[in-house]
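**Q** Structure below; questions to follow.
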Amino acid sequence: MPPEQPPARDARIIALIGTGHFLSHFYMLCLPPLFLVWRQEFGASYATLGLSVALMSGTTALLQTPVGFWVDRWGARPFLVGGTLLMALSVSAMAFAPAFWMILPLAVLSGVGNSVIHPADYAIMAGSISKSFLGRAFALHTFTGNLGFALAPPVIALLLTIMDWRMALLTVGLLGIPVVLAILLQSGVLRDQAKAKAQADGPAGRALLLSRPMLLFFAFFLLSSMAGSGIQSWLVTVLGKLWGTPVLVASAALTGYMIGATGGTLVGGWIADKSKRNLLGLVTLLTLAAMALLLLPGLMPLPDAVLPVVAVCAGLALGTSRTPRDVMLKDACPPGQIGKVFGFVSAGLPLGSAITPVPLGFLIDMGHPGLVLPVVAGLLGLSLLCAGSAQGTARAARAPAAVPAE
């Protein structure tokens, strides 16, 4: 990690990294708004259309860990440039597909490019950002990704009102070119993480990822993502089934939750920079508050004016806990291993999002919508157990190295 540097330099670094992260999330959700148009033009089934998003997301999740190894070995900058360029060109090339099956391999290629983003971004931030600003840098990084998710559907929908789908995809795909050029032109401010010591104590490589602390961190991220996916997928349905909440009010609650979660990441970054001593305690307190707030609308009907406020507070609590969680993982990483660690652990996020919707939907089908929010709260509770064990085990592993030899 570099010594303290001017805030303007930190801002330039996070602007470059954040813009690429924004595009990676934007491209992940720019395809679903085209499904109705593609169904009409190509005659593909909805299941086949969904395969495009599944292939992109699955490829990203599968390749993040091996890409992390390469980032740690050869440096992050070339992978960041190549990955962003591959994403942009793959999405642009979809505009010229004469048949839907040709979009699928391009979706895979876009996923290959996307797999670079998390390991490369975190490795660069660890090597380039001032220590006093690192929490806020992580928070802004998460925020730009969430912004990409949020803006992709309305931007594509707006473009479809003034041009056909091919021009819309070509337009958003080519947006990646100036981002790549900016990263190339200003790459001098992007420094890689410190290299691993030749004879470092403790596990490294594959042994590090399979060590108890990293597996527990993976479970922490996985369970947190499973809980978040359950809320996003089923909150509106659960409130309607339990209390007859109007769709408009329940949707406002879900929107409030998402706004709170997104804004909370920025709050969490500021807190992580100001109080580094007990991040686990902070994460625990915030998660317990979110659990209580999420259980409340499942236990009793709330007034229509109160429900969105409770949802905003629950989202704010969970969102604020995310950046301290990322900082905890960074602190547990040995020098020179950040790419592979973040590539491996953050793969739990898309995996968790994929696991939860079906079994929770089955609970609702079986006539038990009242169990959904308690299950979500239970997942968050299990994530806390994993977080505590992960940090405790990581500290215990570092302790022998900190004791001077006699």
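Ordering of the structure tokens sets the chain letters (A, B, ...); residue numbers start at 1 within each chain; ligands are numbered from 1 in the order shown.
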When you look at Gly260 in chain A with a cut-off of 7 Å (counting only C-alpha atoms), what residues show up, excluding the ones that are within fewer than 3 positions of it in the same chain? I need them as a ChimeraX atom specification.
**A** /A:256-257,263-264,312-313,315-316,319
**Q** Restricted to C-alpha atoms, what would the selected residues look like written as a CSV table (one decimal), in the first residue's frame?
**A**
chain,number,residue,atom,x,y,z
A,256,GLY,CA,-36.3,1.7,-0.6
A,257,TYR,CA,-34.3,-1.3,0.5
A,263,GLY,CA,-26.2,4.4,-0.2
A,264,GLY,CA,-25.0,2.4,2.8
A,312,VAL,CA,-34.7,1.7,3.8
A,313,CYS,CA,-33.2,1.3,7.3
A,315,GLY,CA,-31.0,-1.8,3.4
A,316,LEU,CA,-28.9,0.9,4.9
A,319,GLY,CA,-25.2,-1.8,2.8
**Q** With a distance cut-off of 8 Å and only C-alpha atoms, select the neighbouring residues of Phe149 in chain A, excluding the residue or stretch itself and same-chain residues fewer than 3 positions from it, and output the selection as a VMD selection string.
**A** chain A and resid 22 25 to 26 28 to 29 145 to 146 152 to 153
**Q** I want to know what sits within 10 Å of Ala390 in chain A, based on only C-alpha atoms, with residues of the same chain fewer than 2 positions away left out; could you give that as a list in words?
**A** Arg212, Pro213, Met214, Leu215, Leu216, Phe217, Phe218, Ala219, Phe220, Met328, Leu329, Ala332, Leu384, Leu385, Cys386, Ala387, Gly388, Gly392, Thr393, Ala394, Arg395 and Ala396 of chain A
**Q** With only C-alpha atoms as the counted atoms, please give the residues lying no more than 12 Å from Pro178 in chain A, apart from itself and same-chain residues fewer than 3 positions off, as a ChimeraX atom specification.
**A** /A:16,19-20,23,81,84-85,88,172-175,181-185
**Q** Choose the residue, out of A:Leu222, A:Leu31, A:Leu242, A:Val189, that has the smallest atom-to-atom separation from Gly352 in chain A; count only C-alpha atoms.
**A**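 Under the stated criterion, the closest residue is A:Leu222.
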**Q** Select, from A:Val91, A:Ala123, A:Val327, A:Ala47, the residue with the minimum atom-to-atom distance to Arg73 in chain A, counting only C-alpha atoms.
**A**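 Closest to Arg73 in chain A of all the choices is A:Ala123.
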**Q** Using only C-alpha atoms, determine which residues lie at most 10 Å from Pro154 in chain A, disregarding the query and same-chain residues fewer than 5 positions distant; provide the list as a VMD selection string.
**A** chain A and resid 30 33 159 to 160
**Q** Can I get the selection written as a short mmCIF file (atom, residue, chain, number, x, y, z; two decimals), in the first residue's frame, with N, CA and C atoms?
**A**
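Writing the result to selection.cif gives the following:
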data_model
loop_
_atom_site.label_atom_id
_atom_site.label_comp_id
_atom_site.auth_asym_id
_atom_site.auth_seq_id
_atom_site.Cartn_x
_atom_site.Cartn_y
_atom_site.Cartn_z
N CYS A 30 -27.54 -5.38 -19.44
CA CYS A 30 -28.04 -4.69 -20.63
C CYS A 30 -28.78 -5.63 -21.59
N PRO A 33 -33.38 -6.36 -20.99
CA PRO A 33 -34.38 -5.49 -21.62
C PRO A 33 -34.60 -5.77 -23.11
N LEU A 159 -32.87 3.92 -25.14
CA LEU A 159 -32.26 3.81 -26.47
C LEU A 159 -33.19 3.12 -27.46
N LEU A 160 -33.96 2.15 -26.98
CA LEU A 160 -34.87 1.43 -27.88
C LEU A 160 -36.00 2.32 -28.39
#
**Q** Find the spatial neighbours of Leu86 in chain A, counting only C-alpha atoms, within a cut-off of 7 Å - ignore same-chain residues fewer than 4 positions away - and output them as an MDAnalysis selection string.
**A** chainID A and resid 82 90 110 113
**Q** Between A:Val37, A:Leu318, A:Ala227, A:Leu62, which has the minimum distance to Ala290 in chain A (counting only C-alpha atoms)?
**A**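 Of A:Val37, A:Leu318, A:Ala227, A:Leu62, the one nearest Ala290 in chain A, counting only C-alpha atoms, is A:Leu318.
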**Q** Run DSSP on the backbone and give me the residues of range 152-348 of chain A it puts in alpha helix (DSSP H), as a PyMOL selection string.
**A** chain A and resi 152-160+165-174+176-185+205-209+212-243+247-274+279-299+307-332+338-346+348
**Q** As a list in words, please: the residues near Gly367 in chain A (cut-off 12 Å, only C-alpha atoms, same-chain neighbours under 5 positions excluded).
**A** Val238, Lys241, Leu242, Leu360, Gly361, Phe362 and Val372 of chain A
**Q** Could you check how far CA of Leu170 in chain A sits from CA of Ala95 in chain A, in Å to one decimal?
**A**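 These atoms are spaced 5.6 Å apart.
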**Q** Which value, in Å to one decimal, gives the distance between CA of Gln391 in chain A and CA of Ser346 in chain A?
**A**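 These atoms are spaced 16.6 Å apart.
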